>>> print(open('input_21.csv').read())   # CSV, C-alpha atoms
chain,number,residue,atom,x,y,z
A,1,MET,CA,-2.5,-6.9,-17.8
A,2,ARG,CA,-2.7,-9.5,-20.5
A,3,ALA,CA,0.4,-10.5,-22.5
A,4,SER,CA,-1.7,-10.2,-25.6
A,5,GLN,CA,-2.3,-6.5,-25.0
A,6,PRO,CA,-0.3,-4.1,-27.2
A,7,ALA,CA,2.8,-2.8,-25.3
A,8,GLU,CA,1.7,0.8,-25.9
A,9,HIS,CA,-1.3,0.3,-23.7
A,10,ASN,CA,0.6,-1.1,-20.7
A,11,ALA,CA,1.7,2.1,-18.9
A,12,ASP,CA,-1.7,3.7,-19.5
A,13,THR,CA,-3.5,0.6,-18.3
A,14,THR,CA,-1.4,0.5,-15.2
A,15,GLU,CA,-2.0,4.1,-14.4
A,16,ARG,CA,-5.7,4.0,-14.9
A,17,THR,CA,-6.0,0.9,-12.8
A,18,ARG,CA,-4.0,2.5,-10.0
A,19,LYS,CA,-6.4,5.4,-10.1
A,20,ALA,CA,-9.5,3.1,-10.0
A,21,VAL,CA,-8.0,1.2,-7.0
A,22,ALA,CA,-7.2,4.4,-5.2
A,23,GLU,CA,-10.7,5.7,-5.7
A,24,GLY,CA,-12.2,2.5,-4.2
A,25,LEU,CA,-9.8,2.7,-1.3
A,26,ARG,CA,-10.7,6.4,-0.6
A,27,THR,CA,-14.4,5.6,-0.8
A,28,ALA,CA,-14.0,2.7,1.7
A,29,ALA,CA,-12.1,4.9,4.1
A,30,ARG,CA,-14.8,7.6,3.8
A,31,GLU,CA,-17.5,5.1,4.5
A,32,LEU,CA,-15.6,3.8,7.5
A,33,SER,CA,-15.1,7.4,8.7
A,34,ARG,CA,-11.5,6.7,9.4
A,35,PRO,CA,-8.2,5.9,7.6
A,36,LEU,CA,-7.8,2.3,6.5
A,37,ALA,CA,-5.8,0.4,9.1
A,38,THR,CA,-5.3,-3.0,7.3
A,39,ALA,CA,-5.5,-4.1,3.7
A,40,LEU,CA,-5.1,-7.5,2.0
A,41,GLU,CA,-3.8,-7.6,-1.6
A,42,VAL,CA,-4.8,-10.9,-3.2
A,43,GLY,CA,-2.3,-11.7,-6.0
A,44,CYS,CA,0.2,-8.9,-5.8
A,45,GLY,CA,2.2,-10.1,-8.7
A,46,ILE,CA,5.4,-8.1,-9.2
A,47,GLY,CA,4.0,-5.3,-7.0
A,48,ARG,CA,2.8,-2.9,-9.6
A,49,LEU,CA,-0.3,-1.9,-7.6
A,50,THR,CA,1.1,-2.6,-4.1
A,51,PRO,CA,2.4,1.1,-3.6
A,52,THR,CA,-1.1,2.3,-4.3
A,53,VAL,CA,-2.6,0.0,-1.7
A,54,ALA,CA,0.2,0.9,0.8
A,55,ALA,CA,-0.4,4.6,0.3
A,56,HIS,CA,-4.0,4.2,1.5
A,57,ALA,CA,-3.6,1.7,4.4
A,58,ASP,CA,-1.5,1.7,7.6
A,59,HIS,CA,-0.5,-2.0,7.0
A,60,VAL,CA,-0.8,-4.2,3.9
A,61,THR,CA,-0.5,-8.0,3.6
A,62,ALA,CA,0.4,-8.8,0.0
A,63,LEU,CA,-0.1,-12.4,-1.2
A,64,ASP,CA,1.1,-14.1,-4.3
A,65,MET,CA,1.4,-17.8,-5.2
A,66,THR,CA,4.5,-17.5,-7.4
A,67,PRO,CA,7.8,-17.2,-5.6
A,68,GLY,CA,9.4,-15.3,-8.5
A,69,MET,CA,6.6,-12.8,-8.6
A,70,LEU,CA,6.8,-12.3,-4.9
A,71,GLU,CA,10.5,-11.8,-5.0
A,72,ALA,CA,10.1,-9.2,-7.7
A,73,ALA,CA,7.4,-7.5,-5.6
A,74,ARG,CA,9.7,-7.5,-2.6
A,75,GLU,CA,12.5,-5.9,-4.6
A,76,SER,CA,10.3,-3.3,-6.4
A,77,CYS,CA,8.6,-2.4,-3.1
A,78,ALA,CA,11.6,-2.5,-0.8
A,79,ASP,CA,11.0,1.1,0.3
A,80,LEU,CA,7.5,0.3,1.6
A,81,THR,CA,7.8,-0.3,5.3
A,82,ASN,CA,4.1,-1.0,5.9
A,83,VAL,CA,3.9,-4.1,3.6
A,84,ASP,CA,4.4,-7.8,4.5
A,85,PHE,CA,4.7,-10.2,1.6
A,86,GLU,CA,3.4,-13.7,2.0
A,87,LEU,CA,3.7,-16.7,-0.4
A,88,ALA,CA,0.2,-18.2,-0.6
A,89,ARG,CA,-2.4,-19.4,-2.9
A,90,ALA,CA,-5.8,-17.7,-2.7
A,91,GLU,CA,-7.4,-21.1,-2.6
A,92,ASN,CA,-5.6,-21.9,0.6
A,93,LEU,CA,-7.3,-19.0,2.4
A,94,PRO,CA,-4.3,-18.0,4.5
A,95,TRP,CA,-6.1,-15.0,6.0
A,96,ASN,CA,-9.0,-17.0,7.4
A,97,GLY,CA,-9.5,-15.7,11.0
A,98,ARG,CA,-7.6,-12.4,10.3
A,99,LYS,CA,-9.6,-9.2,9.8
A,100,PHE,CA,-8.9,-6.5,7.2
A,101,ASP,CA,-10.6,-3.2,6.5
A,102,VAL,CA,-10.3,-3.9,2.7
A,103,ALA,CA,-9.2,-6.5,0.3
A,104,VAL,CA,-7.8,-5.7,-3.2
A,105,SER,CA,-7.7,-8.1,-6.1
A,106,VAL,CA,-6.8,-7.0,-9.6
A,107,TRP,CA,-7.1,-9.5,-12.5
A,108,VAL,CA,-6.6,-12.5,-10.2
A,109,LEU,CA,-9.9,-14.2,-9.6
A,110,MET,CA,-10.4,-14.6,-13.4
A,111,HIS,CA,-7.7,-17.3,-13.2
A,112,VAL,CA,-9.5,-19.4,-10.6
A,113,LEU,CA,-11.4,-21.9,-12.9
A,114,ASP,CA,-12.7,-24.2,-10.2
A,115,GLU,CA,-16.1,-22.7,-9.1
A,116,GLU,CA,-15.9,-24.3,-5.7
A,117,ALA,CA,-12.5,-22.8,-5.0
A,118,LEU,CA,-13.7,-19.4,-6.2
A,119,THR,CA,-16.7,-19.6,-3.9
A,120,ARG,CA,-14.4,-20.5,-0.9
A,121,ILE,CA,-12.1,-17.5,-1.8
A,122,CYS,CA,-15.0,-15.0,-2.2
A,123,ARG,CA,-16.7,-16.2,1.1
A,124,SER,CA,-13.4,-16.0,3.0
A,125,ILE,CA,-12.8,-12.5,1.7
A,126,SER,CA,-16.4,-11.5,2.7
A,127,ARG,CA,-16.0,-12.9,6.2
A,128,SER,CA,-12.5,-11.3,6.7
A,129,CYS,CA,-13.0,-7.8,5.2
A,130,HIS,CA,-15.3,-4.8,5.5
A,131,TYR,CA,-14.7,-3.8,1.8
A,132,PHE,CA,-13.4,-5.4,-1.4
A,133,VAL,CA,-11.9,-3.5,-4.3
A,134,LEU,CA,-12.2,-5.9,-7.3
A,135,VAL,CA,-10.9,-5.3,-10.8
A,136,GLU,CA,-11.6,-8.1,-13.3
A,137,TYR,CA,-12.0,-8.4,-17.1
A,138,ALA,CA,-15.6,-8.3,-18.2
A,139,GLU,CA,-15.0,-8.4,-22.0
A,140,ALA,CA,-12.0,-9.2,-24.1
A,141,ALA,CA,-11.3,-8.1,-27.7
A,142,ILE,CA,-8.8,-11.0,-28.0
A,143,PRO,CA,-10.1,-14.2,-26.5
A,144,VAL,CA,-8.7,-15.0,-23.0
A,145,SER,CA,-6.7,-18.2,-22.6
A,146,GLU,CA,-8.1,-21.5,-21.4
A,147,TRP,CA,-6.6,-20.5,-17.9
A,148,SER,CA,-9.0,-17.6,-17.5
A,149,ARG,CA,-12.7,-17.0,-17.2
A,150,LEU,CA,-14.5,-13.8,-17.7
A,151,ARG,CA,-17.1,-13.0,-15.1
A,152,SER,CA,-19.2,-10.0,-14.2
A,153,ALA,CA,-19.3,-8.1,-10.9
A,154,ASP,CA,-22.7,-9.7,-10.4
A,155,ASP,CA,-21.2,-13.1,-10.7
A,156,TYR,CA,-18.8,-12.3,-7.9
A,157,LEU,CA,-21.5,-10.7,-5.7
A,158,ALA,CA,-23.6,-13.8,-6.0
A,159,LEU,CA,-20.7,-15.7,-4.2
A,160,MET,CA,-20.6,-13.3,-1.3
A,161,PRO,CA,-23.7,-13.5,0.9
A,162,GLY,CA,-24.9,-10.0,2.0
A,163,ALA,CA,-22.5,-8.2,-0.2
A,164,GLN,CA,-23.5,-4.8,-1.6
A,165,LEU,CA,-22.1,-3.1,-4.7
A,166,VAL,CA,-21.1,0.5,-3.6
A,167,GLU,CA,-19.7,1.7,-6.9
A,168,THR,CA,-18.4,0.5,-10.3
A,169,LYS,CA,-16.2,2.0,-13.0
A,170,GLU,CA,-15.6,0.6,-16.5
A,171,LEU,CA,-12.0,0.6,-17.7
A,172,ASP,CA,-11.2,0.2,-21.4
A,173,HIS,CA,-7.9,-1.3,-22.3
A,174,GLY,CA,-7.5,-1.1,-26.0
A,175,GLY,CA,-10.6,-3.1,-26.7
A,176,ASP,CA,-10.6,-5.2,-23.5
A,177,ARG,CA,-12.9,-3.9,-20.8
A,178,SER,CA,-12.6,-4.4,-17.1
A,179,THR,CA,-14.9,-3.6,-14.3
A,180,ALA,CA,-13.6,-1.9,-11.1
A,181,ALA,CA,-16.0,-2.5,-8.3
A,182,LEU,CA,-16.1,-1.5,-4.6
A,183,ILE,CA,-18.1,-4.1,-2.6
A,184,ARG,CA,-19.3,-3.6,0.9
A,185,PHE,CA,-19.8,-6.6,3.3
A,186,PRO,CA,-22.2,-6.9,6.2
A,187,SER,CA,-19.4,-6.3,8.8
A,188,ALA,CA,-19.0,-2.8,7.4
A,189,ILE,CA,-22.7,-2.1,7.6
A,190,GLU,CA,-22.8,-3.3,11.2
A,191,SER,CA,-19.7,-1.2,12.0
A,192,ARG,CA,-21.4,1.9,10.6
A,193,ALA,CA,-24.6,1.2,12.5
A,194,ARG,CA,-22.7,0.9,15.8
A,195,LYS,CA,-21.1,4.3,15.1
A,196,ASN,CA,-24.4,6.1,14.5
>>> encode(input="input_21.csv", output="structure tokens")
Amino acid sequence: MRASQPAEHNADTTERTRKAVAEGLRTAARELSRPLATALEVGCGIGRLTPTVAAHADHVTALDMTPGMLEAARESCADLTNVDFELARAENLPWNGRKFDVAVSVWVLMHVLDEEALTRICRSISRSCHYFVLVEYAEAAIPVSEWSRLRSADDYLALMPGAQLVETKELDHGGDRSTAALIRFPSAIESRARKN
């Protein structure tokens, strides 16, 4: 959520975002024909959405680059026994070589201004995961700061070779609009083909 968003929208925005993330996670599990074993949350912040991810996966690795945010997430999610919190920047690709059923990123990649870094992040996610639940701002009623960049789902897809858009949902936040997208990677397609 943006600091410029009116406070009365915050709870509703959080709840609708949780529902959109949960829908994407359920669809990914349905497509895999099994429960999600592993999930990667890129930019967990204070842990607002971490319980939603944890409710849909056996194990969650939750990353954030800010020690204070990560500490708040650890405290607010202390009862979640299936979550490991790691201090890491998305640009450093700490999960390279590790495999996840799904990655989740909500309003994080819009803050990556360096296009080469964004490309590295997106390609690493596409190599490391079967699916990607991505929620990013597409339009803003109040201009975003110089530390953010609005991009479409197609902009992100273009950075992930072989990626396919499974479903999208538009979320309106009091004049701001986000796109919630579920993206499938080639590894998921290959996994499904081997099952059939």
>>> residues_around(input="input_21.csv", residues="Gly43 (chain A)", least_positions_apart="3", cutoff="12 Å", atoms="all atoms listed in the file", output="mmCIF file with C-alpha atoms, keeping the file's coordinate frame")
data_model
loop_
_atom_site.group_PDB
_atom_site.id
_atom_site.type_symbol
_atom_site.label_atom_id
_atom_site.label_comp_id
_atom_site.auth_asym_id
_atom_site.auth_seq_id
_atom_site.Cartn_x
_atom_site.Cartn_y
_atom_site.Cartn_z
ATOM 1 C CA LEU A 40 -5.100 -7.500 2.000
ATOM 2 C CA ILE A 46 5.400 -8.100 -9.200
ATOM 3 C CA GLY A 47 4.000 -5.300 -7.000
ATOM 4 C CA ARG A 48 2.800 -2.900 -9.600
ATOM 5 C CA LEU A 49 -0.300 -1.900 -7.600
ATOM 6 C CA THR A 50 1.100 -2.600 -4.100
ATOM 7 C CA THR A 61 -0.500 -8.000 3.600
ATOM 8 C CA ALA A 62 0.400 -8.800 0.000
ATOM 9 C CA LEU A 63 -0.100 -12.400 -1.200
ATOM 10 C CA ASP A 64 1.100 -14.100 -4.300
ATOM 11 C CA MET A 65 1.400 -17.800 -5.200
ATOM 12 C CA THR A 66 4.500 -17.500 -7.400
ATOM 13 C CA PRO A 67 7.800 -17.200 -5.600
ATOM 14 C CA MET A 69 6.600 -12.800 -8.600
ATOM 15 C CA LEU A 70 6.800 -12.300 -4.900
ATOM 16 C CA ALA A 73 7.400 -7.500 -5.600
ATOM 17 C CA PHE A 85 4.700 -10.200 1.600
ATOM 18 C CA GLU A 86 3.400 -13.700 2.000
ATOM 19 C CA LEU A 87 3.700 -16.700 -0.400
ATOM 20 C CA ALA A 88 0.200 -18.200 -0.600
ATOM 21 C CA ARG A 89 -2.400 -19.400 -2.900
ATOM 22 C CA ALA A 90 -5.800 -17.700 -2.700
ATOM 23 C CA GLU A 91 -7.400 -21.100 -2.600
ATOM 24 C CA ALA A 103 -9.200 -6.500 0.300
ATOM 25 C CA VAL A 104 -7.800 -5.700 -3.200
ATOM 26 C CA SER A 105 -7.700 -8.100 -6.100
ATOM 27 C CA VAL A 106 -6.800 -7.000 -9.600
ATOM 28 C CA TRP A 107 -7.100 -9.500 -12.500
ATOM 29 C CA VAL A 108 -6.600 -12.500 -10.200
ATOM 30 C CA LEU A 109 -9.900 -14.200 -9.600
ATOM 31 C CA MET A 110 -10.400 -14.600 -13.400
ATOM 32 C CA HIS A 111 -7.700 -17.300 -13.200
ATOM 33 C CA VAL A 112 -9.500 -19.400 -10.600
ATOM 34 C CA LEU A 134 -12.200 -5.900 -7.300
ATOM 35 C CA VAL A 135 -10.900 -5.300 -10.800
#
>>> closest_atom_pairs(input="input_21.csv", of="region 95-179 of chain A", to="region 30-38 of chain A", cutoff="12 Å", atoms="only C-alpha atoms", output="CSV")
residue,atom,partner,partner_atom,distance
A:Arg98,CA,A:Thr38,CA,10.1
A:Lys99,CA,A:Thr38,CA,7.9
A:Phe100,CA,A:Thr38,CA,5.0
A:Asp101,CA,A:Thr38,CA,5.4
A:Val102,CA,A:Thr38,CA,6.9
A:Ala103,CA,A:Thr38,CA,8.7
A:Val104,CA,A:Thr38,CA,11.1
A:Ser128,CA,A:Thr38,CA,11.0
A:Cys129,CA,A:Thr38,CA,9.3
A:His130,CA,A:Leu32,CA,8.8
A:Tyr131,CA,A:Leu32,CA,9.5
A:Val166,CA,A:Glu31,CA,10.0
>>> closest_residue(input="input_21.csv", among="A:Asn92, A:Ser178, A:Thr52, A:Ser124", to="Glu136 (chain A)", atoms="all atoms listed in the file")
A:Ser178
>>> residues_around(input="input_21.csv", residues="Ala153 (chain A)", least_positions_apart="3", cutoff="10 Å", atoms="only C-alpha atoms", output="list in words")
Leu134, Val135, Glu136, Tyr137, Ala138, Tyr156, Leu157, Ala158, Leu165, Thr168, Ser178, Thr179, Ala180, Ala181, Leu182 and Ile183 of chain A
>>> atom_distance(input="input_21.csv", atom1="CA of Val83 (chain A)", atom2="CA of Val60 (chain A)")
4.7 Å
>>> closest_residue(input="input_21.csv", among="A:Leu150, A:Thr81, A:Glu15, A:Val133", to="Thr27 (chain A)", atoms="all atoms listed in the file")
A:Val133
>>> atom_distance(input="input_21.csv", atom1="CA of Glu116 (chain A)", atom2="CA of Ala20 (chain A)")
28.5 Å
>>> closest_residue(input="input_21.csv", among="A:Glu115, A:Lys169, A:Asn82, A:Gly174", to="Arg151 (chain A)", atoms="all atoms listed in the file")
A:Glu115
>>> atom_distance(input="input_21.csv", atom1="CA of Gly24 (chain A)", atom2="CA of Ala117 (chain A)")
25.3 Å
>>> closest_residue(input="input_21.csv", among="A:Ala29, A:Ala188, A:Val42, A:Ala72", to="Ala57 (chain A)", atoms="all atoms listed in the file")
A:Ala29
>>> closest_residue(input="input_21.csv", among="A:Arg177, A:His56, A:Arg120, A:Arg16", to="Ala28 (chain A)", atoms="only C-alpha atoms")
A:His56
>>> build_atoms(input="input_21.csv", residues="region 42-78 of chain A", atoms="N, CA and C atoms", output="JSON list (two decimals), keeping the file's coordinate frame")
[["chain", "number", "residue", "atom", "x", "y", "z"],
["A", 42, "VAL", "N", -4.68, -9.50, -2.70],
["A", 42, "VAL", "CA", -4.80, -10.90, -3.20],
["A", 42, "VAL", "C", -4.17, -10.96, -4.56],
["A", 43, "GLY", "N", -3.00, -11.58, -4.69],
["A", 43, "GLY", "CA", -2.30, -11.70, -6.00],
["A", 43, "GLY", "C", -1.58, -10.42, -6.33],
["A", 44, "CYS", "N", -0.54, -10.11, -5.56],
["A", 44, "CYS", "CA", 0.20, -8.90, -5.80],
["A", 44, "CYS", "C", 1.09, -8.88, -6.99],
["A", 45, "GLY", "N", 1.36, -10.07, -7.56],
["A", 45, "GLY", "CA", 2.20, -10.10, -8.70],
["A", 45, "GLY", "C", 3.58, -9.54, -8.45],
["A", 46, "ILE", "N", 4.06, -8.69, -9.35],
["A", 46, "ILE", "CA", 5.40, -8.10, -9.20],
["A", 46, "ILE", "C", 5.32, -6.77, -8.40],
["A", 47, "GLY", "N", 4.17, -6.47, -7.82],
["A", 47, "GLY", "CA", 4.00, -5.30, -7.00],
["A", 47, "GLY", "C", 3.69, -4.01, -7.68],
["A", 48, "ARG", "N", 3.12, -4.13, -8.88],
["A", 48, "ARG", "CA", 2.80, -2.90, -9.60],
["A", 48, "ARG", "C", 1.75, -2.05, -8.91],
["A", 49, "LEU", "N", 0.79, -2.67, -8.22],
["A", 49, "LEU", "CA", -0.30, -1.90, -7.60],
["A", 49, "LEU", "C", -0.06, -1.80, -6.04],
["A", 50, "THR", "N", 0.90, -2.54, -5.51],
["A", 50, "THR", "CA", 1.10, -2.60, -4.10],
["A", 50, "THR", "C", 1.40, -1.16, -3.50],
["A", 51, "PRO", "N", 2.20, -0.29, -4.15],
["A", 51, "PRO", "CA", 2.40, 1.10, -3.60],
["A", 51, "PRO", "C", 1.11, 1.85, -3.48],
["A", 52, "THR", "N", 0.18, 1.64, -4.41],
["A", 52, "THR", "CA", -1.10, 2.30, -4.30],
["A", 52, "THR", "C", -1.88, 1.88, -3.11],
["A", 53, "VAL", "N", -1.90, 0.57, -2.87],
["A", 53, "VAL", "CA", -2.60, 0.00, -1.70],
["A", 53, "VAL", "C", -1.90, 0.55, -0.43],
["A", 54, "ALA", "N", -0.57, 0.49, -0.42],
["A", 54, "ALA", "CA", 0.20, 0.90, 0.80],
["A", 54, "ALA", "C", 0.03, 2.39, 1.08],
["A", 55, "ALA", "N", -0.22, 3.21, 0.06],
["A", 55, "ALA", "CA", -0.40, 4.60, 0.30],
["A", 55, "ALA", "C", -1.74, 4.95, 0.96],
["A", 56, "HIS", "N", -2.66, 3.97, 0.98],
["A", 56, "HIS", "CA", -4.00, 4.20, 1.50],
["A", 56, "HIS", "C", -4.30, 3.39, 2.78],
["A", 57, "ALA", "N", -3.35, 2.57, 3.25],
["A", 57, "ALA", "CA", -3.60, 1.70, 4.40],
["A", 57, "ALA", "C", -2.37, 1.75, 5.32],
["A", 58, "ASP", "N", -2.59, 1.67, 6.63],
["A", 58, "ASP", "CA", -1.50, 1.70, 7.60],
["A", 58, "ASP", "C", -0.62, 0.40, 7.40],
["A", 59, "HIS", "N", -1.28, -0.74, 7.13],
["A", 59, "HIS", "CA", -0.50, -2.00, 7.00],
["A", 59, "HIS", "C", -1.17, -2.82, 5.85],
["A", 60, "VAL", "N", -0.32, -3.40, 5.00],
["A", 60, "VAL", "CA", -0.80, -4.20, 3.90],
["A", 60, "VAL", "C", -0.16, -5.61, 3.98],
["A", 61, "THR", "N", -1.00, -6.63, 3.81],
["A", 61, "THR", "CA", -0.50, -8.00, 3.60],
["A", 61, "THR", "C", -0.71, -8.32, 2.17],
["A", 62, "ALA", "N", 0.40, -8.53, 1.45],
["A", 62, "ALA", "CA", 0.40, -8.80, 0.00],
["A", 62, "ALA", "C", 0.69, -10.24, -0.25],
["A", 63, "LEU", "N", -0.27, -10.93, -0.89],
["A", 63, "LEU", "CA", -0.10, -12.40, -1.20],
["A", 63, "LEU", "C", 0.16, -12.60, -2.65],
["A", 64, "ASP", "N", 0.97, -13.61, -2.92],
["A", 64, "ASP", "CA", 1.10, -14.10, -4.30],
["A", 64, "ASP", "C", 1.49, -15.60, -4.17],
["A", 65, "MET", "N", 1.10, -16.40, -5.18],
["A", 65, "MET", "CA", 1.40, -17.80, -5.20],
["A", 65, "MET", "C", 2.67, -18.20, -5.89],
["A", 66, "THR", "N", 3.30, -17.23, -6.56],
["A", 66, "THR", "CA", 4.50, -17.50, -7.40],
["A", 66, "THR", "C", 5.71, -16.92, -6.71],
["A", 67, "PRO", "N", 6.66, -17.76, -6.29],
["A", 67, "PRO", "CA", 7.80, -17.20, -5.60],
["A", 67, "PRO", "C", 8.58, -16.16, -6.40],
["A", 68, "GLY", "N", 8.73, -16.34, -7.71],
["A", 68, "GLY", "CA", 9.40, -15.30, -8.50],
["A", 68, "GLY", "C", 8.72, -14.00, -8.54],
["A", 69, "MET", "N", 7.41, -14.03, -8.66],
["A", 69, "MET", "CA", 6.60, -12.80, -8.60],
["A", 69, "MET", "C", 6.77, -12.10, -7.28],
["A", 70, "LEU", "N", 6.67, -12.90, -6.22],
["A", 70, "LEU", "CA", 6.80, -12.30, -4.90],
["A", 70, "LEU", "C", 8.13, -11.72, -4.62],
["A", 71, "GLU", "N", 9.19, -12.37, -5.11],
["A", 71, "GLU", "CA", 10.50, -11.80, -5.00],
["A", 71, "GLU", "C", 10.66, -10.50, -5.72],
["A", 72, "ALA", "N", 10.10, -10.44, -6.93],
["A", 72, "ALA", "CA", 10.10, -9.20, -7.70],
["A", 72, "ALA", "C", 9.35, -8.10, -6.98],
["A", 73, "ALA", "N", 8.23, -8.46, -6.37],
["A", 73, "ALA", "CA", 7.40, -7.50, -5.60],
["A", 73, "ALA", "C", 8.22, -6.97, -4.41],
["A", 74, "ARG", "N", 8.88, -7.88, -3.71],
["A", 74, "ARG", "CA", 9.70, -7.50, -2.60],
["A", 74, "ARG", "C", 10.77, -6.47, -2.98],
["A", 75, "GLU", "N", 11.41, -6.75, -4.13],
["A", 75, "GLU", "CA", 12.50, -5.90, -4.60],
["A", 75, "GLU", "C", 11.91, -4.52, -5.06],
["A", 76, "SER", "N", 10.84, -4.54, -5.84],
["A", 76, "SER", "CA", 10.30, -3.30, -6.40],
["A", 76, "SER", "C", 9.64, -2.43, -5.27],
["A", 77, "CYS", "N", 9.24, -3.06, -4.17],
["A", 77, "CYS", "CA", 8.60, -2.40, -3.10],
["A", 77, "CYS", "C", 9.41, -2.31, -1.81],
["A", 78, "ALA", "N", 10.71, -2.44, -1.95],
["A", 78, "ALA", "CA", 11.60, -2.50, -0.80],
["A", 78, "ALA", "C", 11.51, -1.29, 0.11]]
